[in-house]
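Next comes data33.cif, with mmCIF, C-alpha atoms.
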```cif
data_final
loop_
_atom_site.label_atom_id
_atom_site.label_comp_id
_atom_site.auth_asym_id
_atom_site.auth_seq_id
_atom_site.Cartn_x
_atom_site.Cartn_y
_atom_site.Cartn_z
CA MET A 1 14.43 7.44 6.57
CA GLU A 2 15.53 10.98 5.95
CA ASN A 3 18.53 10.55 3.71
CA PHE A 4 17.03 10.62 0.26
CA SER A 5 19.42 11.51 -2.50
CA SER A 6 16.61 13.08 -4.53
CA LYS A 7 14.02 15.68 -3.52
CA LEU A 8 11.63 14.27 -6.12
CA LEU A 9 11.96 10.81 -4.62
CA GLN A 10 11.46 12.19 -1.14
CA ALA A 11 8.34 14.10 -2.20
CA ALA A 12 6.87 10.98 -3.83
CA VAL A 13 7.61 8.84 -0.77
CA GLU A 14 5.98 11.45 1.47
CA GLU A 15 2.86 11.54 -0.68
CA PHE A 16 2.54 7.76 -0.58
CA SER A 17 3.14 7.55 3.13
CA GLN A 18 0.11 9.82 3.73
CA LEU A 19 -2.08 6.90 2.65
CA PRO A 20 -3.58 4.82 5.47
CA GLY A 21 -1.46 1.81 6.47
CA ILE A 22 1.49 2.82 4.28
CA GLY A 23 4.68 3.55 6.21
CA LYS A 24 7.85 5.15 4.87
CA LYS A 25 9.49 1.83 3.95
CA THR A 26 6.47 0.56 2.05
CA ALA A 27 6.08 3.95 0.38
CA LEU A 28 9.68 3.78 -0.84
CA ARG A 29 9.14 0.27 -2.19
CA LEU A 30 6.01 1.39 -4.08
CA VAL A 31 7.69 4.51 -5.47
CA LEU A 32 10.76 2.54 -6.65
CA HIS A 33 8.36 0.11 -8.33
CA LEU A 34 6.68 3.00 -10.19
CA LEU A 35 10.12 4.31 -11.21
CA ARG A 36 10.90 1.00 -12.87
CA GLN A 37 7.73 1.19 -14.97
CA ASP A 38 7.73 2.95 -18.33
CA SER A 39 6.71 6.58 -18.41
CA GLY A 40 3.32 5.80 -20.00
CA SER A 41 2.26 3.51 -17.16
CA VAL A 42 3.15 6.11 -14.54
CA ARG A 43 1.26 8.76 -16.53
CA ARG A 44 -1.78 6.45 -16.64
CA PHE A 45 -1.54 5.73 -12.90
CA SER A 46 -1.29 9.41 -12.15
CA GLU A 47 -4.09 10.52 -14.49
CA THR A 48 -6.47 7.79 -13.33
CA MET A 49 -6.30 9.09 -9.76
CA LEU A 50 -6.86 12.67 -10.83
CA GLN A 51 -9.76 11.77 -13.13
CA LEU A 52 -11.43 9.78 -10.39
CA ARG A 53 -11.18 12.66 -7.95
CA GLU A 54 -12.37 15.26 -10.46
CA ASN A 55 -15.11 13.35 -12.25
CA VAL A 56 -16.64 10.94 -9.79
CA VAL A 57 -20.14 11.78 -8.58
CA TYR A 58 -22.42 10.32 -5.96
CA CYS A 59 -25.70 8.81 -7.16
CA LYS A 60 -28.45 11.33 -6.35
CA SER A 61 -30.74 8.52 -5.23
CA CYS A 62 -28.61 6.01 -3.26
CA HIS A 63 -25.42 8.10 -2.73
CA ASN A 64 -23.20 5.31 -4.03
CA ILE A 65 -20.08 6.31 -6.00
CA SER A 66 -21.05 6.57 -9.64
CA ASP A 67 -19.98 7.97 -13.01
CA LYS A 68 -23.49 9.29 -13.73
CA PRO A 69 -26.04 11.29 -11.72
CA LEU A 70 -28.09 8.09 -11.28
CA CYS A 71 -25.96 4.96 -10.67
CA ASP A 72 -26.19 1.71 -12.64
CA ILE A 73 -28.00 -0.08 -9.83
CA CYS A 74 -30.64 2.62 -9.31
CA SER A 75 -31.24 3.02 -13.05
CA SER A 76 -31.41 -0.72 -13.81
CA SER A 77 -34.86 -2.09 -14.65
CA ARG A 78 -33.70 -5.53 -13.47
CA ARG A 79 -33.36 -4.46 -9.85
CA ASP A 80 -36.24 -4.80 -7.39
CA ALA A 81 -37.31 -1.29 -6.41
CA GLY A 82 -39.36 -2.83 -3.58
CA THR A 83 -36.33 -3.25 -1.30
CA ILE A 84 -33.67 -0.81 -0.08
CA CYS A 85 -30.62 -2.09 1.79
CA VAL A 86 -29.08 0.58 4.03
CA VAL A 87 -25.29 0.35 4.35
CA GLU A 88 -22.49 2.40 5.85
CA ASP A 89 -20.27 2.90 2.82
CA ILE A 90 -19.54 1.83 -0.71
CA ARG A 91 -17.37 -1.13 0.35
CA ASP A 92 -20.46 -2.73 1.85
CA VAL A 93 -22.30 -2.33 -1.47
CA ILE A 94 -19.44 -4.11 -3.26
CA ALA A 95 -19.41 -6.88 -0.63
CA ILE A 96 -23.17 -7.49 -0.91
CA GLU A 97 -23.10 -7.29 -4.73
CA ASN A 98 -20.36 -9.93 -4.73
CA THR A 99 -22.65 -12.40 -2.93
CA GLY A 100 -25.02 -12.37 -5.92
CA GLN A 101 -27.92 -12.84 -3.46
CA TYR A 102 -29.46 -9.39 -3.45
CA TYR A 103 -31.43 -7.78 -6.26
CA GLY A 104 -32.86 -4.72 -4.56
CA LEU A 105 -31.54 -1.15 -4.30
CA TYR A 106 -29.13 0.38 -1.79
CA HIS A 107 -28.82 3.47 0.33
CA VAL A 108 -25.31 4.53 1.33
CA LEU A 109 -25.38 6.45 4.64
CA GLY A 110 -21.79 7.68 4.42
CA GLY A 111 -21.03 6.53 7.98
CA ILE A 112 -22.89 5.82 11.20
CA ILE A 113 -24.00 8.02 14.07
CA SER A 114 -20.97 8.41 16.32
CA PRO A 115 -21.06 11.25 18.88
CA MET A 116 -17.45 10.44 19.86
CA ASP A 117 -16.29 11.28 16.32
CA GLY A 118 -18.70 14.20 16.06
CA ILE A 119 -20.88 12.44 13.47
CA GLY A 120 -24.57 13.17 13.99
CA PRO A 121 -27.64 12.23 11.90
CA ALA A 122 -27.32 15.46 9.90
CA ASP A 123 -23.88 14.38 8.59
CA LEU A 124 -25.35 11.23 7.05
CA THR A 125 -27.83 10.76 4.22
CA ILE A 126 -30.64 9.87 6.62
CA ASP A 127 -33.01 12.66 5.53
CA ALA A 128 -32.50 11.67 1.91
CA LEU A 129 -33.41 8.08 2.87
CA ALA A 130 -36.61 9.26 4.58
CA GLU A 131 -37.51 11.26 1.45
CA ARG A 132 -36.86 8.21 -0.74
CA VAL A 133 -39.09 6.06 1.46
CA ALA A 134 -41.82 8.72 1.51
CA GLY A 135 -41.63 9.23 -2.26
CA SER A 136 -41.62 5.60 -3.41
CA GLN A 137 -44.84 3.78 -4.38
CA GLU A 138 -43.20 0.36 -4.81
CA LEU A 139 -41.12 0.16 -1.63
CA SER A 140 -42.11 -2.60 0.78
CA GLU A 141 -38.96 -3.28 2.84
CA VAL A 142 -35.89 -1.51 4.22
CA ILE A 143 -33.04 -3.82 5.27
CA LEU A 144 -30.58 -2.36 7.78
CA ALA A 145 -27.09 -3.79 7.16
CA LEU A 146 -24.94 -1.72 9.54
CA SER A 147 -22.18 -2.97 11.79
CA THR A 148 -23.07 -4.47 15.20
CA THR A 149 -21.17 -1.89 17.21
CA MET A 150 -22.80 0.46 19.70
CA GLU A 151 -22.79 3.15 16.97
CA GLY A 152 -24.39 0.74 14.52
CA ASP A 153 -27.13 -0.13 17.03
CA THR A 154 -27.74 3.57 17.74
CA THR A 155 -28.04 4.28 14.03
CA ASN A 156 -30.37 1.30 13.53
CA PHE A 157 -32.61 2.59 16.33
CA TYR A 158 -32.59 6.13 14.93
CA LEU A 159 -33.48 4.86 11.46
CA TYR A 160 -36.22 2.65 12.91
CA LYS A 161 -37.81 5.60 14.72
CA LYS A 162 -37.56 7.72 11.56
CA LEU A 163 -39.08 5.08 9.25
CA LYS A 164 -41.59 3.20 11.41
CA ALA A 165 -44.42 5.60 10.50
CA PHE A 166 -44.27 4.40 6.88
CA ASP A 167 -46.13 1.30 5.79
CA ILE A 168 -43.01 -0.83 5.16
CA LYS A 169 -41.22 -3.75 6.75
CA ILE A 170 -37.93 -2.84 8.51
CA SER A 171 -35.49 -5.73 8.93
CA VAL A 172 -31.87 -6.29 9.92
CA ILE A 173 -29.49 -8.80 8.33
CA ALA A 174 -29.11 -12.15 10.12
CA ARG A 175 -26.30 -12.45 12.65
CA GLY A 176 -25.01 -15.84 13.73
CA ILE A 177 -22.16 -18.30 13.45
CA ALA A 178 -20.36 -17.90 10.12
CA ILE A 179 -20.61 -20.87 7.76
CA GLY A 180 -17.62 -23.16 8.37
CA ASP A 181 -16.91 -21.74 11.85
CA GLU A 182 -16.58 -24.01 14.90
CA LEU A 183 -19.08 -23.39 17.70
CA GLU A 184 -16.44 -23.65 20.41
CA TYR A 185 -14.51 -20.68 19.02
CA ALA A 186 -17.53 -18.41 18.47
CA ASP A 187 -18.00 -15.51 20.88
CA GLU A 188 -20.82 -15.90 23.40
CA VAL A 189 -22.95 -13.01 22.16
CA THR A 190 -23.00 -14.31 18.60
CA LEU A 191 -23.66 -17.90 19.71
CA GLY A 192 -26.41 -16.72 22.08
CA ARG A 193 -28.08 -14.70 19.34
CA SER A 194 -27.79 -17.54 16.83
CA ILE A 195 -29.75 -19.80 19.21
CA LEU A 196 -32.31 -17.11 20.00
CA HIS A 197 -32.89 -16.34 16.30
CA ARG A 198 -32.81 -19.96 15.08
CA THR A 199 -34.35 -20.68 11.69
CA ALA A 200 -36.73 -23.51 10.72
CA TYR A 201 -34.62 -26.36 9.35
CA ASP A 202 -36.35 -26.62 5.96
CA LYS A 203 -36.08 -22.86 5.44
CA ALA A 204 -32.39 -22.69 6.37
CA SER A 205 -31.29 -25.60 4.20
CA THR A 206 -33.11 -24.47 1.07
CA GLY A 207 -32.23 -20.78 1.47
CA MET B 1 -14.32 -7.67 -6.25
CA GLU B 2 -15.82 -7.08 -9.66
CA ASN B 3 -18.96 -5.14 -8.87
CA PHE B 4 -17.82 -1.56 -8.92
CA SER B 5 -20.55 0.98 -9.49
CA SER B 6 -18.11 3.34 -11.19
CA LYS B 7 -15.71 2.70 -14.06
CA LEU B 8 -13.46 5.48 -12.76
CA LEU B 9 -13.31 3.84 -9.35
CA GLN B 10 -12.61 0.47 -10.92
CA ALA B 11 -9.79 1.91 -13.04
CA ALA B 12 -8.20 3.57 -10.00
CA VAL B 13 -8.43 0.39 -7.94
CA GLU B 14 -6.86 -1.61 -10.77
CA GLU B 15 -3.99 0.86 -11.08
CA PHE B 16 -3.29 0.68 -7.35
CA SER B 17 -3.50 -3.09 -7.23
CA GLN B 18 -0.67 -3.31 -9.80
CA LEU B 19 1.66 -2.12 -7.07
CA PRO B 20 3.63 -4.83 -5.26
CA GLY B 21 1.94 -6.15 -2.11
CA ILE B 22 -1.29 -4.22 -2.73
CA GLY B 23 -4.34 -6.44 -3.23
CA LYS B 24 -7.76 -5.37 -4.48
CA LYS B 25 -9.15 -4.72 -0.98
CA THR B 26 -6.20 -2.57 0.09
CA ALA B 27 -6.32 -0.76 -3.26
CA LEU B 28 -9.99 0.08 -2.70
CA ARG B 29 -9.24 1.37 0.79
CA LEU B 30 -6.44 3.60 -0.55
CA VAL B 31 -8.55 4.92 -3.42
CA LEU B 32 -11.49 5.72 -1.12
CA HIS B 33 -9.04 7.55 1.12
CA LEU B 34 -7.84 9.65 -1.84
CA LEU B 35 -11.47 10.35 -2.76
CA ARG B 36 -12.07 11.85 0.67
CA GLN B 37 -9.14 14.26 0.26
CA ASP B 38 -9.65 17.65 -1.35
CA SER B 39 -9.01 17.96 -5.03
CA GLY B 40 -5.73 19.86 -4.54
CA SER B 41 -4.17 17.05 -2.48
CA VAL B 42 -5.05 14.45 -5.08
CA ARG B 43 -3.64 16.69 -7.81
CA ARG B 44 -0.41 17.05 -5.81
CA PHE B 45 -0.22 13.27 -5.23
CA SER B 46 -0.76 12.62 -8.89
CA GLU B 47 1.68 15.26 -10.16
CA THR B 48 4.43 14.26 -7.72
CA MET B 49 4.47 10.73 -9.14
CA LEU B 50 4.56 11.97 -12.70
CA GLN B 51 7.31 14.51 -12.02
CA LEU B 52 9.41 11.88 -10.29
CA ARG B 53 9.13 9.51 -13.24
CA GLU B 54 9.80 12.21 -15.85
CA ASN B 55 12.53 14.20 -14.14
CA VAL B 56 14.52 11.81 -12.01
CA VAL B 57 18.01 10.97 -13.25
CA TYR B 58 20.67 8.53 -12.14
CA CYS B 59 23.95 9.97 -10.91
CA LYS B 60 26.50 9.51 -13.71
CA SER B 61 29.14 8.50 -11.19
CA CYS B 62 27.46 6.28 -8.57
CA HIS B 63 24.13 5.51 -10.37
CA ASN B 64 22.10 6.51 -7.33
CA ILE B 65 18.74 8.21 -7.92
CA SER B 66 19.35 11.95 -8.13
CA ASP B 67 17.85 15.25 -9.26
CA LYS B 68 21.12 16.34 -10.89
CA PRO B 69 23.64 14.64 -13.21
CA LEU B 70 26.02 14.27 -10.24
CA CYS B 71 24.28 13.36 -6.96
CA ASP B 72 24.65 15.23 -3.65
CA ILE B 73 26.88 12.54 -2.17
CA CYS B 74 29.26 12.35 -5.15
CA SER B 75 29.49 16.15 -5.43
CA SER B 76 29.95 16.79 -1.69
CA SER B 77 33.42 17.90 -0.64
CA ARG B 78 32.73 16.50 2.85
CA ARG B 79 32.62 12.88 1.67
CA ASP B 80 35.73 10.70 1.62
CA ALA B 81 36.51 9.93 -2.01
CA GLY B 82 38.96 7.25 -0.81
CA THR B 83 36.20 4.71 -0.20
CA ILE B 84 33.43 3.34 -2.41
CA CYS B 85 30.71 1.16 -0.92
CA VAL B 86 29.12 -1.14 -3.53
CA VAL B 87 25.40 -1.80 -2.94
CA GLU B 88 22.58 -3.50 -4.79
CA ASP B 89 20.05 -0.69 -4.94
CA ILE B 90 19.12 2.73 -3.65
CA ARG B 91 17.36 1.37 -0.55
CA ASP B 92 20.73 0.11 0.67
CA VAL B 93 22.22 3.59 0.23
CA ILE B 94 19.40 5.06 2.36
CA ALA B 95 19.88 2.33 5.00
CA ILE B 96 23.63 2.96 5.26
CA GLU B 97 23.20 6.75 5.24
CA ASN B 98 20.74 6.40 8.12
CA THR B 99 23.42 4.74 10.27
CA GLY B 100 25.49 7.95 10.16
CA GLN B 101 28.62 5.72 10.24
CA TYR B 102 29.82 5.99 6.64
CA TYR B 103 31.35 9.03 4.99
CA GLY B 104 32.63 7.58 1.73
CA LEU B 105 31.00 7.32 -1.69
CA TYR B 106 28.66 4.66 -3.09
CA HIS B 107 28.24 2.64 -6.22
CA VAL B 108 24.75 1.33 -6.97
CA LEU B 109 24.93 -1.87 -9.03
CA GLY B 110 21.23 -1.94 -9.89
CA GLY B 111 20.91 -5.60 -8.85
CA ILE B 112 23.11 -8.67 -8.45
CA ILE B 113 24.25 -11.34 -10.88
CA SER B 114 21.42 -13.85 -11.08
CA PRO B 115 21.46 -16.28 -14.01
CA MET B 116 18.05 -17.64 -12.92
CA ASP B 117 16.49 -14.21 -13.49
CA GLY B 118 18.57 -13.60 -16.61
CA ILE B 119 20.67 -10.89 -14.97
CA GLY B 120 24.30 -11.03 -16.06
CA PRO B 121 27.25 -8.70 -15.31
CA ALA B 122 26.42 -6.62 -18.40
CA ASP B 123 23.00 -5.69 -16.95
CA LEU B 124 24.63 -4.12 -13.91
CA THR B 125 26.89 -1.07 -13.54
CA ILE B 126 29.98 -3.24 -13.02
CA ASP B 127 31.96 -1.84 -15.98
CA ALA B 128 31.22 1.68 -14.78
CA LEU B 129 32.55 0.70 -11.34
CA ALA B 130 35.77 -0.68 -12.89
CA GLU B 131 36.17 2.59 -14.82
CA ARG B 132 35.62 4.61 -11.64
CA VAL B 133 38.24 2.55 -9.82
CA ALA B 134 40.70 2.84 -12.71
CA GLY B 135 40.11 6.60 -13.06
CA SER B 136 40.37 7.62 -9.40
CA GLN B 137 43.63 8.80 -7.85
CA GLU B 138 42.34 8.94 -4.28
CA LEU B 139 40.56 5.60 -4.02
CA SER B 140 42.03 3.21 -1.48
CA GLU B 141 39.17 0.83 -0.59
CA VAL B 142 36.07 -0.76 -2.11
CA ILE B 143 33.57 -2.15 0.41
CA LEU B 144 31.23 -4.83 -0.92
CA ALA B 145 27.87 -4.59 0.87
CA LEU B 146 25.75 -7.08 -1.09
CA SER B 147 23.32 -9.64 0.32
CA THR B 148 24.66 -12.99 1.57
CA THR B 149 22.71 -15.08 -0.90
CA MET B 150 24.29 -17.31 -3.49
CA GLU B 151 23.77 -14.52 -6.04
CA GLY B 152 25.39 -12.00 -3.69
CA ASP B 153 28.41 -14.28 -3.21
CA THR B 154 28.71 -14.80 -6.97
CA THR B 155 28.59 -11.04 -7.54
CA ASN B 156 31.16 -10.43 -4.79
CA PHE B 157 33.49 -12.97 -6.40
CA TYR B 158 33.00 -11.46 -9.87
CA LEU B 159 33.71 -7.97 -8.54
CA TYR B 160 36.77 -9.24 -6.66
CA LYS B 161 38.21 -10.78 -9.83
CA LYS B 162 37.48 -7.60 -11.76
CA LEU B 163 39.04 -5.25 -9.19
CA LYS B 164 41.91 -7.24 -7.65
CA ALA B 165 44.39 -5.98 -10.27
CA PHE B 166 44.01 -2.45 -8.91
CA ASP B 167 46.07 -1.29 -5.95
CA ILE B 168 43.14 -1.02 -3.53
CA LYS B 169 41.78 -2.85 -0.51
CA ILE B 170 38.63 -4.88 -1.17
CA SER B 171 36.52 -5.62 1.91
CA VAL B 172 33.08 -6.97 2.76
CA ILE B 173 30.82 -5.70 5.56
CA ALA B 174 30.92 -7.64 8.84
CA ARG B 175 28.40 -10.45 9.31
CA GLY B 176 27.54 -11.75 12.74
CA ILE B 177 24.95 -11.83 15.48
CA ALA B 178 22.84 -8.67 15.41
CA ILE B 179 23.17 -6.40 18.43
CA GLY B 180 20.53 -7.38 20.98
CA ASP B 181 19.97 -10.85 19.47
CA GLU B 182 20.13 -14.00 21.62
CA LEU B 183 22.82 -16.54 20.63
CA GLU B 184 20.46 -19.49 21.03
CA TYR B 185 18.10 -18.17 18.33
CA ALA B 186 20.82 -17.26 15.80
CA ASP B 187 21.21 -19.53 12.77
CA GLU B 188 24.26 -21.79 12.76
CA VAL B 189 25.96 -20.25 9.73
CA THR B 190 25.83 -16.75 11.19
CA LEU B 191 26.95 -17.93 14.64
CA GLY B 192 29.76 -20.00 13.10
CA ARG B 193 30.97 -17.05 11.05
CA SER B 194 30.76 -14.70 14.01
CA ILE B 195 33.14 -16.96 15.95
CA LEU B 196 35.47 -17.41 12.98
CA HIS B 197 35.64 -13.65 12.31
CA ARG B 198 35.82 -12.58 15.95
CA THR B 199 37.12 -9.09 16.67
CA ALA B 200 39.71 -8.02 19.28
CA TYR B 201 37.78 -6.93 22.41
CA ASP B 202 39.26 -3.42 22.62
CA LYS B 203 38.57 -2.80 18.93
CA ALA B 204 34.97 -4.06 19.10
CA SER B 205 34.01 -2.07 22.18
CA THR B 206 35.44 1.24 21.02
CA GLY B 207 34.34 0.87 17.38
#
```
Show how you would write the structure in this file as structure tokens.
Amino acid sequence: MENFSSKLLQAAVEEFSQLPGIGKKTALRLVLHLLRQDSGSVRRFSETMLQLRENVVYCKSCHNISDKPLCDICSSSRRDAGTICVVEDIRDVIAIENTGQYYGLYHVLGGIISPMDGIGPADLTIDALAERVAGSQELSEVILALSTTMEGDTTNFYLYKKLKAFDIKISVIARGIAIGDELEYADEVTLGRSILHRTAYDKASTG
Amino acid sequence: MENFSSKLLQAAVEEFSQLPGIGKKTALRLVLHLLRQDSGSVRRFSETMLQLRENVVYCKSCHNISDKPLCDICSSSRRDAGTICVVEDIRDVIAIENTGQYYGLYHVLGGIISPMDGIGPADLTIDALAERVAGSQELSEVILALSTTMEGDTTNFYLYKKLKAFDIKISVIARGIAIGDELEYADEVTLGRSILHRTAYDKASTG
């Protein structure tokens, strides 16, 4: 994929192929698609990316991506300030918001503790979380919703040690067999945990 | 995927998800990747796309994407002006150039005749090809390298009728079993054709 007849085309394909999961062939397909659009659409595409990068801010309270210093969730009076759900990144916030089952606030860590990748507690927003917990009158529960990897478990433990001195409940999200999944195909750890952490029938079916 | 905390983020994700084969989740992943880059990289990404769209031209001879009125291939003295290879779009030019086996010129049709999609001969660069053929002293062969769909066959036939009056050879690229493919998995049409259009052993092994 070296024989481009146009330097401009080649430059555009190279820019696109820097993106994760986009190879040279896909990049070329995307660039040729943009070329077929009218000039205004391409200008809009291009300016939207630049504006996002230049103008986006992170909420000073929960560190979620936001257009304002305090994000819509943190500044909403309809959210329950008694609960903070701790997540790894903004995609997790979107996923939980899409369930429509959570009305509390969030705290975006910006990653998890991972010595292999050189990410320690100081690289995450853990201190800011501790300050939030210390400073809040209403807070009663922190929900840890990190991934169940070794790094996630380490981070959970670190957060637990950091927050256990405060008079709040610390919980983790339920793990178990996904709804619709067959037991025989579930991995043993998940199935084992789902039996260990079984829920009272009346509670599970009404929740 | 509606609960974005930032209008800027939402706009960027929507722009990306307009691209072919990019869904909302992939778009979000790409946009978050761009957000993690420094501001200069995003500016370069953004400006490269815009410059491509504003400044790219199509070669006045072969209709390939180019930075100049006459593309590098058409203006090169090292290419054989005796042969024109007719292709559907620029990706085919890149694919053939990458083989390193062709030294002639190209003609990019911009598509193939497809009544179902409302594409007739007038929407393609067929008249320009006929003019090129009529105007060239050196031309001795036109190679048709279109896809073997019904539309490709129709276009081949249309081009053949249009060009047969000229004193040139009209050929199509060889179809057959791909190198390395097993006969038992080849489709019957391809295998049938590969037997019908068999090549002399000495010619095939030296070519």
List the spatial neighbours of Ser140 in chain A as a PyMOL selection string - criterion: any atom at most 10 Å away, all atoms listed in the file, same-chain residues fewer than 6 positions off excluded. chain A and resi 81-84+133+166-170
May I ask you to extract the residues of chain B within 9 Å of chain A, using all atoms listed in the file, and to give them as a PyMOL selection string? chain B and resi 1-9+11-12+15-16+19-21+28-39+42-56+64-68+71-73+90-91+93-95+97-98
Report, in Å with one decimal, the straight-line distance from CA of Ser61 in chain A to CA of Leu105 in chain A. 9.7 Å
So how many Å separate CA of Leu146 in chain A and CA of Ala134 in chain A, to one decimal? 21.4 Å
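Counting all atoms listed in the file and comparing B:Asp89, B:Ala130, B:Ala200, B:Thr190, the residue that lies closest to Ala165 in chain B is B:Ala130.
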Applied to this file, what does the PyMOL selection byres ((chain A and resi 145) around 6) return in terms of residues, put as a ChimeraX atom specification? /A:86-87,144,146,173
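Atom to atom, CA of Gly110 in chain A and CA of Leu129 in chain A stand 11.7 Å apart.
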Using the atoms already present, construct all heavy atoms for range 120-127 of chain A and hand them back as a short mmCIF file (atom, residue, chain, number, x, y, z; two decimals), keeping the file's coordinate frame.
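See selection_24.cif below for the written result:
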```cif
data_model
loop_
_atom_site.label_atom_id
_atom_site.label_comp_id
_atom_site.auth_asym_id
_atom_site.auth_seq_id
_atom_site.Cartn_x
_atom_site.Cartn_y
_atom_site.Cartn_z
N GLY A 120 -23.16 13.22 13.61
CA GLY A 120 -24.57 13.17 13.99
C GLY A 120 -25.42 12.80 12.79
O GLY A 120 -24.91 12.68 11.67
N PRO A 121 -26.74 12.61 13.00
CA PRO A 121 -27.64 12.23 11.90
C PRO A 121 -27.56 13.19 10.72
O PRO A 121 -27.69 12.75 9.56
CB PRO A 121 -29.02 12.29 12.57
CG PRO A 121 -28.77 12.12 14.02
CD PRO A 121 -27.42 12.72 14.29
N ALA A 122 -27.33 14.47 10.98
CA ALA A 122 -27.32 15.46 9.90
C ALA A 122 -26.12 15.29 8.96
O ALA A 122 -26.14 15.77 7.83
CB ALA A 122 -27.31 16.86 10.49
N ASP A 123 -25.06 14.59 9.43
CA ASP A 123 -23.88 14.38 8.59
C ASP A 123 -24.06 13.20 7.65
O ASP A 123 -23.23 12.95 6.77
CB ASP A 123 -22.64 14.13 9.46
CG ASP A 123 -22.37 15.30 10.40
OD1 ASP A 123 -22.37 16.44 9.89
OD2 ASP A 123 -22.19 15.08 11.60
N LEU A 124 -25.11 12.43 7.87
CA LEU A 124 -25.35 11.23 7.05
C LEU A 124 -26.52 11.50 6.10
O LEU A 124 -27.17 12.54 6.19
CB LEU A 124 -25.65 10.05 7.98
CG LEU A 124 -24.60 9.84 9.10
CD1 LEU A 124 -25.05 8.74 10.04
CD2 LEU A 124 -23.25 9.53 8.50
N THR A 125 -26.78 10.55 5.21
CA THR A 125 -27.83 10.76 4.22
C THR A 125 -29.17 10.22 4.72
O THR A 125 -29.95 9.66 3.96
CB THR A 125 -27.45 10.08 2.89
OG1 THR A 125 -27.33 8.66 3.14
CG2 THR A 125 -26.14 10.58 2.34
N ILE A 126 -29.43 10.42 6.01
CA ILE A 126 -30.64 9.87 6.62
C ILE A 126 -31.91 10.59 6.13
O ILE A 126 -32.91 9.94 5.81
CB ILE A 126 -30.54 9.92 8.17
CG1 ILE A 126 -29.46 8.93 8.64
CG2 ILE A 126 -31.88 9.59 8.82
CD1 ILE A 126 -29.21 8.92 10.13
N ASP A 127 -31.84 11.92 6.03
CA ASP A 127 -33.01 12.66 5.53
C ASP A 127 -33.35 12.27 4.10
O ASP A 127 -34.51 12.11 3.74
CB ASP A 127 -32.76 14.17 5.63
CG ASP A 127 -32.82 14.66 7.08
OD1 ASP A 127 -33.37 13.91 7.92
OD2 ASP A 127 -32.31 15.75 7.36
#
```
